[in-house]
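K.L.:
Provided herewith: run.cif, mmCIF, C-alpha atoms.
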```cif
data_start
loop_
_atom_site.label_atom_id
_atom_site.label_comp_id
_atom_site.auth_asym_id
_atom_site.auth_seq_id
_atom_site.Cartn_x
_atom_site.Cartn_y
_atom_site.Cartn_z
CA MET A 1 110.43 2.38 152.41
CA ARG A 2 111.57 5.62 150.84
CA LEU A 3 109.61 8.79 151.07
CA THR A 4 109.13 10.47 147.72
CA ARG A 5 107.95 13.99 147.09
CA SER A 6 104.78 12.75 145.32
CA GLY A 7 104.05 10.29 148.12
CA VAL A 8 104.26 13.00 150.75
CA ALA A 9 102.09 15.28 148.61
CA THR A 10 99.49 12.54 148.18
CA GLY A 11 99.41 11.88 151.92
CA PHE A 12 99.06 15.58 152.63
CA ILE A 13 96.18 15.92 150.14
CA VAL A 14 94.37 12.90 151.63
CA VAL A 15 94.68 14.25 155.19
CA LEU A 16 93.57 17.70 154.01
CA ALA A 17 90.54 16.20 152.23
CA LEU A 18 89.57 14.22 155.34
CA TRP A 19 89.87 17.34 157.49
CA LEU A 20 87.75 19.39 155.06
CA GLY A 21 85.19 16.58 154.88
CA SER A 22 84.90 16.45 158.66
CA LEU A 23 84.37 20.24 158.71
CA VAL A 24 81.57 19.95 156.15
CA THR A 25 79.81 17.05 157.88
CA SER A 26 80.01 18.74 161.27
CA ALA A 27 78.45 21.90 159.79
CA LEU A 28 75.56 20.04 158.13
CA PRO A 29 72.49 18.91 160.11
CA ASP A 30 72.24 15.26 161.05
CA PRO A 31 70.21 13.34 158.42
CA ASP A 32 68.05 11.84 161.17
CA ASP A 33 67.14 15.36 162.31
CA VAL A 34 65.91 16.55 158.91
CA TYR A 35 64.63 13.35 157.29
CA ASP A 36 61.00 13.81 158.31
CA GLN A 37 60.92 17.57 158.70
CA PRO A 38 58.35 19.61 156.74
CA PHE A 39 59.36 22.03 153.98
CA VAL A 40 58.36 25.33 155.54
CA THR A 41 57.29 28.47 153.66
CA LYS A 42 57.00 31.52 155.91
CA ALA A 43 54.44 34.26 155.42
CA SER A 44 52.54 36.91 157.31
CA VAL A 45 48.98 38.27 157.40
CA ASN A 46 47.70 39.51 154.02
CA GLN A 47 50.56 37.81 152.22
CA GLU A 48 49.63 35.06 149.79
CA VAL A 49 51.59 31.88 150.27
CA GLU A 50 51.62 28.77 148.11
CA ILE A 51 52.07 25.27 149.44
CA ARG A 52 52.11 22.04 147.44
CA THR A 53 48.35 21.69 147.27
CA ALA A 54 46.93 25.21 147.58
CA LYS A 55 47.28 28.96 147.68
CA LEU A 56 46.49 30.60 151.04
CA ASN A 57 46.09 34.09 152.40
CA VAL A 58 45.33 34.90 156.04
CA THR A 59 43.25 38.05 155.76
CA GLY A 60 42.48 38.74 159.40
CA VAL A 61 42.53 37.63 163.01
CA ARG A 62 39.70 38.18 165.49
CA SER A 63 38.56 36.68 168.77
CA GLY A 64 35.68 36.23 171.17
CA PRO A 65 34.34 34.10 174.00
CA GLU A 66 31.84 32.45 171.60
CA PHE A 67 31.51 31.69 167.93
CA GLN A 68 28.48 30.88 165.84
CA TYR A 69 28.90 28.66 162.83
CA ALA A 70 26.03 28.84 160.41
CA THR A 71 24.85 29.65 156.95
CA PHE A 72 23.90 33.30 157.11
CA VAL A 73 21.47 35.04 154.77
CA ASP A 74 21.11 38.80 155.21
CA GLY A 75 22.90 38.53 158.55
CA GLN A 76 20.49 35.93 159.93
CA ALA A 77 21.44 32.31 160.54
CA VAL A 78 19.40 29.94 158.41
CA ASN A 79 17.28 27.62 160.54
CA GLY A 80 18.92 24.32 161.33
CA THR A 81 22.42 25.41 160.30
CA SER A 82 23.57 27.09 163.47
CA THR A 83 26.05 25.91 166.09
CA ILE A 84 27.21 28.08 168.99
CA ALA A 85 30.33 27.22 170.98
CA ALA A 86 31.60 28.98 174.09
CA THR A 87 34.87 28.82 175.97
CA THR A 88 36.33 30.02 179.23
CA ALA A 89 39.56 30.74 177.31
CA ILE A 90 39.27 32.58 174.00
CA TRP A 91 38.32 31.64 170.44
CA LEU A 92 41.01 32.88 168.09
CA VAL A 93 39.25 33.10 164.72
CA ILE A 94 41.48 33.21 161.67
CA ASP A 95 40.04 34.40 158.37
CA ILE A 96 41.73 32.66 155.51
CA THR A 97 41.27 32.47 151.75
CA TYR A 98 41.87 28.98 150.47
CA GLU A 99 42.27 27.91 146.85
CA PRO A 100 43.41 24.41 145.91
CA THR A 101 45.87 23.95 143.08
CA GLY A 102 46.17 20.79 141.06
CA GLN A 103 43.13 18.98 142.36
CA THR A 104 39.98 19.24 144.47
CA SER A 105 40.76 19.38 148.17
CA SER A 106 39.84 20.78 151.60
CA LEU A 107 41.75 22.74 154.18
CA GLN A 108 42.62 20.32 156.96
CA GLY A 109 44.92 19.81 159.91
CA LEU A 110 45.60 23.47 160.77
CA ARG A 111 47.38 24.29 164.00
CA VAL A 112 48.09 27.45 165.93
CA LYS A 113 51.60 27.40 167.33
CA ALA A 114 52.19 29.53 170.42
CA ALA A 115 55.45 31.37 170.91
CA ASP A 116 56.50 28.73 173.45
CA GLY A 117 55.85 25.89 170.99
CA ARG A 118 52.45 24.68 172.20
CA LEU A 119 50.18 23.51 169.39
CA PHE A 120 46.42 24.10 169.30
CA GLY A 121 44.19 22.29 166.84
CA ALA A 122 41.05 23.04 164.89
CA ASP A 123 39.16 20.10 163.51
CA SER A 124 37.79 20.50 160.02
CA VAL A 125 35.03 18.02 160.87
CA THR A 126 33.31 20.70 162.90
CA ILE A 127 34.35 23.73 160.88
CA PRO A 128 34.94 22.68 157.28
CA CYS A 129 36.72 24.71 154.66
CA GLY A 130 36.00 22.88 151.45
CA PRO A 131 36.26 20.76 149.54
CA THR A 132 36.52 23.23 146.74
CA GLN A 133 37.86 23.19 143.25
CA PRO A 134 41.15 24.52 141.88
CA GLY A 135 40.63 28.08 140.75
CA MET A 136 37.58 28.55 143.02
CA ALA A 137 38.70 30.14 146.26
CA LEU A 138 36.81 29.91 149.55
CA ASN A 139 36.78 32.53 152.29
CA CYS A 140 36.84 30.55 155.52
CA ALA A 141 37.10 31.35 159.20
CA ILE A 142 38.74 28.79 161.43
CA PRO A 143 38.26 29.03 165.22
CA PHE A 144 40.97 27.85 167.62
CA GLU A 145 40.29 27.55 171.33
CA VAL A 146 43.44 28.85 172.99
CA PRO A 147 44.46 30.17 176.42
CA LYS A 148 44.99 33.90 176.40
CA ASP A 149 48.68 33.54 177.19
CA ALA A 150 49.16 31.74 173.86
CA LEU A 151 48.04 34.69 171.73
CA ALA A 152 51.18 36.85 171.65
CA GLY A 153 53.56 35.68 168.94
CA ALA A 154 51.25 32.95 167.68
CA HIS A 155 51.73 31.45 164.23
CA LEU A 156 49.33 29.50 162.02
CA LEU A 157 50.63 26.25 160.54
CA VAL A 158 48.89 25.01 157.39
CA PRO A 159 49.98 21.61 156.08
CA ALA A 160 49.67 20.55 152.45
CA ALA A 161 47.99 17.24 153.26
CA GLY A 162 46.57 17.47 156.78
CA LEU A 163 49.63 16.74 158.94
CA VAL A 164 51.85 19.50 160.28
CA ASP A 165 54.64 17.08 161.23
CA ALA A 166 54.82 15.29 157.86
CA ALA A 167 57.77 15.65 155.50
CA ASP A 168 55.66 17.77 153.20
CA SER A 169 54.99 21.37 152.29
CA LEU A 170 53.91 23.54 155.26
CA ALA A 171 52.96 27.21 155.52
CA ASP A 172 54.09 28.97 158.70
CA ILE A 173 52.15 32.22 158.91
CA ASP A 174 53.05 34.85 161.51
CA LEU A 175 49.71 36.19 162.77
CA GLY A 176 51.32 39.48 163.77
CA ILE A 177 49.99 39.42 167.33
CA ASP A 178 52.21 41.50 169.62
CA ALA A 179 51.68 41.90 173.38
CA ALA A 180 49.28 44.84 172.99
CA GLU A 181 47.27 43.07 170.29
CA ALA A 182 47.18 39.93 172.44
CA THR A 183 45.68 41.93 175.30
CA THR A 184 43.02 43.35 172.99
CA LEU A 185 42.20 39.93 171.49
CA GLY A 186 42.11 38.32 174.93
CA ALA A 187 39.64 40.91 176.20
CA ALA A 188 37.20 40.58 173.28
CA THR A 189 33.58 40.02 174.29
CA GLU A 190 31.69 39.78 170.99
CA ARG A 191 30.45 36.53 169.51
CA GLN A 192 32.28 35.77 166.26
CA MET A 193 30.34 34.65 163.19
CA ILE A 194 31.72 31.92 160.99
CA ASP A 195 30.22 31.66 157.54
CA PRO A 196 32.45 30.10 154.90
CA LYS A 197 31.58 31.19 151.41
CA PRO A 198 33.07 31.40 147.95
CA ALA A 199 35.55 34.24 147.53
CA GLY A 200 33.43 35.33 144.57
CA GLU A 201 30.55 36.11 146.91
CA GLY A 202 32.63 38.64 148.82
CA MET B 1 106.21 3.44 135.40
CA GLU B 2 102.58 3.26 134.32
CA THR B 3 102.19 5.08 131.04
CA ARG B 4 98.46 4.60 130.41
CA SER B 5 96.20 7.50 131.38
CA TRP B 6 94.26 7.40 134.65
CA TRP B 7 90.92 7.20 132.80
CA ARG B 8 92.12 4.26 130.74
CA ARG B 9 93.52 2.40 133.72
CA ASN B 10 90.29 2.81 135.67
CA ARG B 11 87.79 2.43 132.87
CA ASN B 12 86.27 -0.76 134.30
CA TRP B 13 85.60 0.85 137.66
CA LEU B 14 84.29 3.96 135.94
CA ALA B 15 81.87 1.77 133.96
CA VAL B 16 80.65 0.22 137.22
CA VAL B 17 79.91 3.66 138.67
CA VAL B 18 77.01 4.22 136.23
CA PRO B 19 74.83 1.26 137.31
CA VAL B 20 75.83 1.75 140.96
CA VAL B 21 74.56 5.34 140.89
CA ALA B 22 71.36 4.21 139.11
CA ILE B 23 70.75 1.52 141.76
CA ALA B 24 71.41 4.03 144.54
CA VAL B 25 68.89 6.48 143.08
CA LEU B 26 66.25 3.76 142.73
CA ALA B 27 66.93 2.49 146.24
CA THR B 28 66.44 5.95 147.72
CA ALA B 29 63.27 6.47 145.69
CA PHE B 30 61.38 3.71 147.50
CA ARG B 31 58.92 6.21 148.95
CA TRP B 32 57.97 7.33 145.46
CA PHE B 33 57.33 3.83 144.21
CA MET B 34 56.06 2.12 147.37
CA ILE B 35 54.09 4.90 149.10
CA TYR B 36 53.29 7.91 146.93
CA GLN B 37 52.52 6.26 143.60
CA PRO B 38 50.22 3.48 144.92
CA ASN B 39 48.26 6.06 146.94
CA GLU B 40 47.58 8.43 144.07
CA TRP B 41 45.56 8.03 140.89
CA SER B 42 48.76 7.25 139.01
CA ARG B 43 48.07 4.30 136.69
CA PRO B 44 45.74 5.22 133.85
CA THR B 45 44.10 2.88 131.39
CA LYS B 46 43.25 4.87 128.29
CA ALA B 47 39.92 4.11 126.67
CA GLU B 48 39.85 3.64 122.92
CA GLY B 49 37.14 5.93 121.68
CA SER B 50 34.14 6.22 123.97
CA THR B 51 34.40 2.77 125.58
CA GLY B 52 37.03 1.30 127.84
CA THR B 53 37.46 -1.55 130.31
CA LEU B 54 39.20 -1.22 133.64
CA HIS B 55 40.76 -4.39 135.00
CA GLN B 56 42.30 -4.19 138.45
CA GLU B 57 43.47 -6.72 140.98
CA TYR B 58 43.56 -5.78 144.63
CA THR B 59 43.46 -7.15 148.15
CA GLY B 60 40.00 -6.88 149.66
CA GLN B 61 39.13 -6.12 153.26
CA ASP B 62 38.96 -9.86 153.92
CA GLY B 63 42.59 -10.14 152.87
CA ASN B 64 41.84 -12.13 149.72
CA ARG B 65 42.99 -11.09 146.28
CA THR B 66 40.10 -10.12 144.10
CA SER B 67 39.60 -8.36 140.81
CA LEU B 68 37.54 -5.57 139.38
CA ASP B 69 36.35 -5.54 135.78
CA VAL B 70 34.18 -2.68 134.62
CA THR B 71 33.35 -1.64 131.08
CA VAL B 72 32.56 2.05 130.86
CA THR B 73 31.09 4.00 127.97
CA LEU B 74 31.27 7.78 128.03
CA GLY B 75 27.73 8.96 127.42
CA GLY B 76 28.57 12.64 127.31
CA VAL B 77 30.03 15.71 128.99
CA SER B 78 27.98 18.88 128.81
CA GLU B 79 27.45 22.21 130.56
CA ILE B 80 24.35 22.38 132.72
CA SER B 81 22.82 25.15 134.80
CA GLU B 82 21.90 23.02 137.83
CA PHE B 83 21.85 19.45 139.08
CA GLU B 84 19.41 18.14 141.68
CA GLU B 85 18.62 21.75 142.69
CA ALA B 86 22.29 22.64 143.18
CA LYS B 87 23.99 25.34 141.14
CA ALA B 88 27.61 26.25 140.62
CA ALA B 89 29.20 28.76 142.97
CA PRO B 90 29.92 32.24 141.61
CA GLY B 91 32.75 32.05 139.10
CA GLY B 92 32.04 28.42 138.34
CA THR B 93 30.33 26.47 135.60
CA MET B 94 28.71 23.11 136.20
CA TRP B 95 29.41 20.18 133.89
CA LEU B 96 27.45 16.95 133.78
CA VAL B 97 29.30 13.70 133.12
CA GLU B 98 27.27 10.68 132.06
CA LEU B 99 28.85 7.25 132.12
CA ASN B 100 27.27 3.92 131.25
CA LEU B 101 28.72 1.06 133.27
CA THR B 102 28.66 -2.69 132.78
CA ALA B 103 29.95 -5.03 135.48
CA ASP B 104 29.26 -8.26 137.32
CA PRO B 105 26.69 -7.46 140.06
CA GLU B 106 28.89 -9.21 142.64
CA GLN B 107 31.66 -6.61 142.40
CA ASP B 108 31.99 -3.92 145.06
CA LEU B 109 31.76 -0.67 143.11
CA ALA B 110 29.99 1.57 145.61
CA SER B 111 32.83 4.05 146.13
CA CYS B 112 34.28 5.69 143.10
CA MET B 113 36.03 8.80 141.83
CA ILE B 114 34.92 10.70 138.76
CA SER B 115 37.04 13.63 137.60
CA LEU B 116 37.25 16.13 134.82
CA ILE B 117 40.75 17.13 133.74
CA ASP B 118 41.62 20.37 131.96
CA ASP B 119 44.40 21.07 129.48
CA GLN B 120 46.76 21.95 132.36
CA GLN B 121 46.19 18.50 133.92
CA VAL B 122 44.28 20.03 136.84
CA ARG B 123 41.87 17.53 138.38
CA TYR B 124 38.31 18.59 139.27
CA GLU B 125 36.85 15.78 141.29
CA ALA B 126 33.52 14.40 142.33
CA SER B 127 34.12 11.61 144.73
CA THR B 128 32.65 9.39 147.35
CA VAL B 129 36.15 8.62 148.56
CA ASP B 130 39.18 10.44 149.89
CA LEU B 131 37.79 13.92 150.35
CA GLY B 132 38.21 13.59 154.06
CA ALA B 133 36.02 15.47 156.47
CA GLY B 134 35.01 17.92 153.81
CA ASN B 135 33.02 15.21 152.11
CA ASN B 136 30.37 15.69 154.76
CA ALA B 137 30.30 19.38 154.14
CA GLY B 138 30.51 19.75 150.41
CA LYS B 139 27.92 22.46 150.44
CA VAL B 140 29.04 25.64 152.16
CA GLY B 141 27.45 29.04 152.17
CA SER B 142 24.03 28.83 150.62
CA THR B 143 23.16 25.17 150.45
CA ASP B 144 20.98 25.71 147.42
CA SER B 145 23.49 27.62 145.40
CA ILE B 146 26.72 25.71 145.53
CA LEU B 147 27.90 22.32 144.45
CA TRP B 148 31.50 21.78 145.42
CA ASP B 149 31.43 18.09 144.99
CA THR B 150 28.65 15.67 144.45
CA ASN B 151 28.01 14.26 147.87
CA ARG B 152 25.13 12.69 146.09
CA LEU B 153 27.40 10.92 143.63
CA ASP B 154 26.05 7.40 143.36
CA CYS B 155 28.47 5.04 141.69
CA VAL B 156 25.90 2.26 141.74
CA PRO B 157 22.11 2.41 141.46
CA GLU B 158 20.25 3.28 144.65
CA GLY B 159 18.04 0.71 146.35
CA PHE B 160 18.24 -2.86 147.48
CA GLY B 161 18.35 -6.10 145.59
CA GLU B 162 20.76 -7.32 142.97
CA ARG B 163 22.43 -4.62 140.96
CA PRO B 164 21.64 -4.67 137.24
CA ALA B 165 24.50 -5.63 134.93
CA THR B 166 24.33 -2.24 133.21
CA TRP B 167 23.53 1.16 134.68
CA THR B 168 24.21 4.88 134.25
CA VAL B 169 26.13 7.20 136.58
CA GLN B 170 25.79 10.97 136.52
CA ALA B 171 28.26 13.32 138.17
CA ALA B 172 28.02 17.11 138.28
CA ILE B 173 31.39 18.80 138.62
CA VAL B 174 32.03 22.52 138.92
CA LEU B 175 34.95 24.03 136.99
CA PRO B 176 36.00 27.68 136.98
CA THR B 177 34.11 29.49 134.26
CA GLY B 178 36.21 29.62 131.10
CA THR B 179 37.95 26.32 131.83
CA ALA B 180 36.92 23.46 129.58
CA PRO B 181 37.52 19.80 130.43
CA THR B 182 39.62 17.75 128.04
CA SER B 183 39.27 14.31 129.61
CA VAL B 184 37.18 12.27 132.04
CA GLU B 185 38.53 9.84 134.61
CA ILE B 186 36.78 7.18 136.65
CA GLY B 187 38.35 4.86 139.20
CA TRP B 188 37.45 2.78 142.24
CA ARG B 189 40.69 1.96 143.98
CA LYS B 190 43.96 3.83 143.73
CA PRO B 191 46.18 3.80 141.79
CA GLN B 192 44.35 2.53 138.67
CA TYR B 193 41.71 4.43 136.74
CA LEU B 194 40.14 4.66 133.31
CA THR B 195 40.53 7.83 131.24
CA PHE B 196 38.56 9.12 128.25
CA SER B 197 39.44 11.97 125.93
CA ILE B 198 36.52 14.34 125.45
CA PRO B 199 35.88 14.85 121.73
CA SER B 200 36.37 18.52 120.88
#
```
Could the structure of this file be written out as C-alpha cells, please?
P.N.:
Amino acid sequence: MRLTRSGVATGFIVVLALWLGSLVTSALPDPDDVYDQPFVTKASVNQEVEIRTAKLNVTGVRSGPEFQYATFVDGQAVNGTSTIAATTAIWLVIDITYEPTGQTSSLQGLRVKAADGRLFGADSVTIPCGPTQPGMALNCAIPFEVPKDALAGAHLLVPAAGLVDAADSLADIDLGIDAAEATTLGAATERQMIDPKPAGEG
Amino acid sequence: METRSWWRRNRNWLAVVVPVVAIAVLATAFRWFMIYQPNEWSRPTKAEGSTGTLHQEYTGQDGNRTSLDVTVTLGGVSEISEFEEAKAAPGGTMWLVELNLTADPEQDLASCMISLIDDQQVRYEASTVDLGAGNNAGKVGSTDSILWDTNRLDCVPEGFGERPATWTVQAAIVLPTGTAPTSVEIGWRKPQYLTFSIPS
C-alpha cells in the first residue's frame, strides 16, 4: 500500500476530529446526571421570579416558636378557623406572593434547603396557598419547622408542579439569611400569624 | 478517478438521513406523547353551535374498557355578583356557566372539570378533580367573600336514587376583572374534553 498525501491528510483529520470529540464529551456533563434534573431559576428576596406555572415573589422572612393559622378579621381570628402549632425548634415563616400563569393552580411542594443540603418540607394540606386563578395573586405565608442551625444560608425551592426533584421548572430563592440574621431569627419569641389573602386585599 | 460530485454520489444516503432524523425526534419525544399529553386536557372535541357530544373510551378502575357519552348544551355564560353566598375576590369578576347535560344514568360522571378560556388561551378552572390539596381549601381569607374555585361544583345532581337522563350543572368561575371568556370547556377524564365558543 502506498501512502498518498491526501490519504495522510484524511487520516490526520480523522484523528484530530476524534481527539476534539473526546475533549467535548469529557467537558459535557454525563446525560444520566442531567436527564432528570430540574430547570432552576435563581432569585432572591423581593425579586419576582417566573416558573412554568406561576409568578412568585418572596416578600419577607420571619420566625417564631409558634404560628397561628386562621382567618383574621380586624386582627382577631374568626371562630372555628384557628390552628396553633408550636415547636421546640423554630418556625421559619416565608411570606410569598403567588400568581398562577396559564391555568388555575395552587402552590405546592415547597422545600427549604439548608446550606448543607438538608431539605425541610411544608405541606400545603395544612397551610394551603390556593388554588387561585391566573392574574389573581395571593399573599401567602408558609411555615417550615427547621432546626436553628439550618437557618443561615437557607434557600426556598418552589417547584412548578409540586415536586422539587422533577425534571421541571424550579425556583431557587436565596432567603438572604446570614449568620447574624440566623441568630436573630432563631431567638424570635413571638407567635407568627398566617392569614393567606388576595394580594388585592393588601 | 470518481468525477461525480460528493453530493451526487451520496444522494441515496442523504435521502435516508431525513426519515432517520424524523424517527429519532419522534423516538425521543415519547414523554410528550405517552406521559404529558395523556395527562393534560389536550384532546378537544369542538361543539357545533351550542350543543356537542363527548365520546370517550377509557379503562375504568375495575380494569375494563368502558365508554363515556355525554351530550352537552351550553345554556349560557354571564357575569354574576355572587353564587351561593360567595363573591369574587378583589380584582375579580364572577361568571356563571350553565350547562345542560344528557347521559345514560349508569355512567360515572361525578368528577368533572369546567373551565372558561380567555383570548390568550388562559384556563380558569372550576373542578372537582386535580386541584390537589388546595381543593379542600378553595376559600381563603374571608370565607364569605372569595370564590377561588367551586368546591361546591356538582357535576351530577345531588341526592340518592337513579340520576335523571337530563340535568343542569352550574359553575361559578372567577376571572380577573376586565378579562372576558371566549370559550367554555367541560371534561371528565383527561385528555379529552368538549369545548364551546361563547357567542360574542
K.L.:
Expanded to explicit residues, what is the PyMOL selection byres ((chain B and resi 194) around 10) for this file, as a PyMOL selection string?
P.N.:
chain B and resi 41+43-47+51-55+70-72+114+184-188+192-193+195-196
K.L.:
Go through A:Gly162, A:Gly130, A:Pro147, A:Gly153 one by one, measure the shortest atom-to-atom distance of each to chain B using all atoms listed in the file, and give the residue with the smallest value.
P.N.:
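The shortest atom-to-atom distance to chain B comes from A:Gly130.
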K.L.:
Would you mind telling me which residue in A:Val14, A:Ala154, A:Ala161, A:Ile90 lies nearest to Asp178 in chain A when using all atoms listed in the file?
P.N.:
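Among the listed residues, A:Ala154 lies closest to Asp178 in chain A.
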K.L.:
In Å to one decimal, how far is CA of Asn39 in chain B from CA of Ala160 in chain A?
P.N.:
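Atom-to-atom, CA of Ala160 in chain A to CA of Asn39 in chain B, that is 15.6 Å.
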K.L.:
Take the point (31.4, -9.5, 141.1) in the file's coordinates, draw a sphere of radius 12 Å around it, and report as a list in words every protein, DNA or RNA residue with an atom inside or on it, counting all atoms listed in the file.
P.N.:
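These residues have at least one counted atom within 12 Å: Thr66, Ser67, Leu68, Asp69, Val70, Thr102, Ala103, Asp104, Pro105, Glu106, Gln107, Asp108, Leu109, Glu162, Arg163, Pro164 and Ala165 of chain B.
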K.L.:
Write out the residues from the selection above, keeping C-alpha atoms, as an mmCIF file, keeping the file's coordinate frame.
P.N.:
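Listing of part-v6.cif after writing:
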```
data_model
loop_
_atom_site.group_PDB
_atom_site.id
_atom_site.type_symbol
_atom_site.label_atom_id
_atom_site.label_comp_id
_atom_site.auth_asym_id
_atom_site.auth_seq_id
_atom_site.Cartn_x
_atom_site.Cartn_y
_atom_site.Cartn_z
ATOM 1 C CA THR B 66 40.100 -10.120 144.100
ATOM 2 C CA SER B 67 39.600 -8.360 140.810
ATOM 3 C CA LEU B 68 37.540 -5.570 139.380
ATOM 4 C CA ASP B 69 36.350 -5.540 135.780
ATOM 5 C CA VAL B 70 34.180 -2.680 134.620
ATOM 6 C CA THR B 102 28.660 -2.690 132.780
ATOM 7 C CA ALA B 103 29.950 -5.030 135.480
ATOM 8 C CA ASP B 104 29.260 -8.260 137.320
ATOM 9 C CA PRO B 105 26.690 -7.460 140.060
ATOM 10 C CA GLU B 106 28.890 -9.210 142.640
ATOM 11 C CA GLN B 107 31.660 -6.610 142.400
ATOM 12 C CA ASP B 108 31.990 -3.920 145.060
ATOM 13 C CA LEU B 109 31.760 -0.670 143.110
ATOM 14 C CA GLU B 162 20.760 -7.320 142.970
ATOM 15 C CA ARG B 163 22.430 -4.620 140.960
ATOM 16 C CA PRO B 164 21.640 -4.670 137.240
ATOM 17 C CA ALA B 165 24.500 -5.630 134.930
#
```
K.L.:
Just give me the residues with any atom within 12 Å of (57.3, 29.6, 173.8), file coordinates, counting only C-alpha atoms, written as a list in words.
P.N.:
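Residues with an atom at most 12 Å from (57.3, 29.6, 173.8): Lys113, Ala114, Ala115, Asp116, Gly117, Arg118, Leu119, Asp149, Ala150, Leu151, Ala152, Gly153, Ala154 and His155 of chain A.
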K.L.:
Okay, now the selection with C-alpha atoms, as a short mmCIF file (atom, residue, chain, number, x, y, z; two decimals), keeping the file's coordinate frame?
P.N.:
```cif
data_model
loop_
_atom_site.label_atom_id
_atom_site.label_comp_id
_atom_site.auth_asym_id
_atom_site.auth_seq_id
_atom_site.Cartn_x
_atom_site.Cartn_y
_atom_site.Cartn_z
CA LYS A 113 51.60 27.40 167.33
CA ALA A 114 52.19 29.53 170.42
CA ALA A 115 55.45 31.37 170.91
CA ASP A 116 56.50 28.73 173.45
CA GLY A 117 55.85 25.89 170.99
CA ARG A 118 52.45 24.68 172.20
CA LEU A 119 50.18 23.51 169.39
CA ASP A 149 48.68 33.54 177.19
CA ALA A 150 49.16 31.74 173.86
CA LEU A 151 48.04 34.69 171.73
CA ALA A 152 51.18 36.85 171.65
CA GLY A 153 53.56 35.68 168.94
CA ALA A 154 51.25 32.95 167.68
CA HIS A 155 51.73 31.45 164.23
#
```
K.L.:
Give me the result of the PyMOL selection byres ((chain B and resi 155) around 10) on this file, residue by residue, as a JSON list (two decimals) with C-alpha atoms, in the coordinates of the input.
P.N.:
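File out_5.json, as written:
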```json
[["chain", "number", "residue", "atom", "x", "y", "z"],
["B", 99, "LEU", "CA", 28.85, 7.25, 132.12],
["B", 101, "LEU", "CA", 28.72, 1.06, 133.27],
["B", 109, "LEU", "CA", 31.76, -0.67, 143.11],
["B", 110, "ALA", "CA", 29.99, 1.57, 145.61],
["B", 111, "SER", "CA", 32.83, 4.05, 146.13],
["B", 112, "CYS", "CA", 34.28, 5.69, 143.10],
["B", 113, "MET", "CA", 36.03, 8.80, 141.83],
["B", 114, "ILE", "CA", 34.92, 10.70, 138.76],
["B", 127, "SER", "CA", 34.12, 11.61, 144.73],
["B", 128, "THR", "CA", 32.65, 9.39, 147.35],
["B", 152, "ARG", "CA", 25.13, 12.69, 146.09],
["B", 153, "LEU", "CA", 27.40, 10.92, 143.63],
["B", 154, "ASP", "CA", 26.05, 7.40, 143.36],
["B", 156, "VAL", "CA", 25.90, 2.26, 141.74],
["B", 157, "PRO", "CA", 22.11, 2.41, 141.46],
["B", 158, "GLU", "CA", 20.25, 3.28, 144.65],
["B", 167, "TRP", "CA", 23.53, 1.16, 134.68],
["B", 168, "THR", "CA", 24.21, 4.88, 134.25],
["B", 169, "VAL", "CA", 26.13, 7.20, 136.58],
["B", 170, "GLN", "CA", 25.79, 10.97, 136.52],
["B", 171, "ALA", "CA", 28.26, 13.32, 138.17],
["B", 186, "ILE", "CA", 36.78, 7.18, 136.65],
["B", 188, "TRP", "CA", 37.45, 2.78, 142.24]]
```
K.L.:
Give me, as number ranges by chain, all polymer residues having an atom no more than 7 Å from Ile173 in chain B, counting all atoms listed in the file and skipping those fewer than 2 positions away in the same chain.
P.N.:
B: 94-96, 124-126, 149, 171, 175
K.L.:
Restrict the selected residues to C-alpha atoms and save them as a compact mmCIF listing (two decimals), in the frame of the given file.
P.N.:
```txt
# COMPACT_ATOMS: atom_id res chain seq x y z
CA MET B 94 28.71 23.11 136.20
CA TRP B 95 29.41 20.18 133.89
CA LEU B 96 27.45 16.95 133.78
CA TYR B 124 38.31 18.59 139.27
CA GLU B 125 36.85 15.78 141.29
CA ALA B 126 33.52 14.40 142.33
CA ASP B 149 31.43 18.09 144.99
CA ALA B 171 28.26 13.32 138.17
CA LEU B 175 34.95 24.03 136.99
```
K.L.:
Fewer than 5 positions away in the same chain doesn't count, so skip those; otherwise give me all residues within 7 Å of Glu145 in chain A, counting all atoms listed in the file, as a list in words.
P.N.:
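Near Glu145 in chain A, the qualifying residues are Ala89, Ile90, Trp91 and Leu92 of chain A.
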K.L.:
Return the single residue from B:Arg65, B:Arg123, B:Arg31, B:Arg8 that is closest to chain A, with distances computed using only C-alpha atoms.
P.N.:
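The closest residue to chain A is B:Arg123.
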K.L.:
Mind pulling up the distance from CA of Val78 in chain A to CA of Met193 in chain A?
P.N.:
12.8 Å
K.L.:
Would you write out, as an mmCIF file with C-alpha atoms, keeping the file's coordinate frame, every residue that the PyMOL selection byres ((chain A and resi 102) around 6) captures in this file?
P.N.:
```
data_model
loop_
_atom_site.group_PDB
_atom_site.id
_atom_site.type_symbol
_atom_site.label_atom_id
_atom_site.label_comp_id
_atom_site.auth_asym_id
_atom_site.auth_seq_id
_atom_site.Cartn_x
_atom_site.Cartn_y
_atom_site.Cartn_z
ATOM 1 C CA THR A 101 45.870 23.950 143.080
ATOM 2 C CA GLN A 103 43.130 18.980 142.360
ATOM 3 C CA VAL B 122 44.280 20.030 136.840
#
```
K.L.:
Could you state the separation of CA of Thr182 in chain B and CA of Leu74 in chain B in Å, given to one decimal place?
P.N.:
13.0 Å
K.L.:
Pick out the closest residue to chain B from this set: A:Gln108, A:Thr59, A:Ser169, A:Thr53. Count all atoms listed in the file.
P.N.:
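With all atoms listed in the file as the atom set, the closest residue is A:Gln108.
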K.L.:
In terms of the shortest atom-to-atom distance over only C-alpha atoms, which of A:Gly21, A:Gly7, A:Pro143, A:Arg52 is closest to Val40 in chain A?
P.N.:
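Distance minimum relative to Val40 in chain A lands on A:Arg52.
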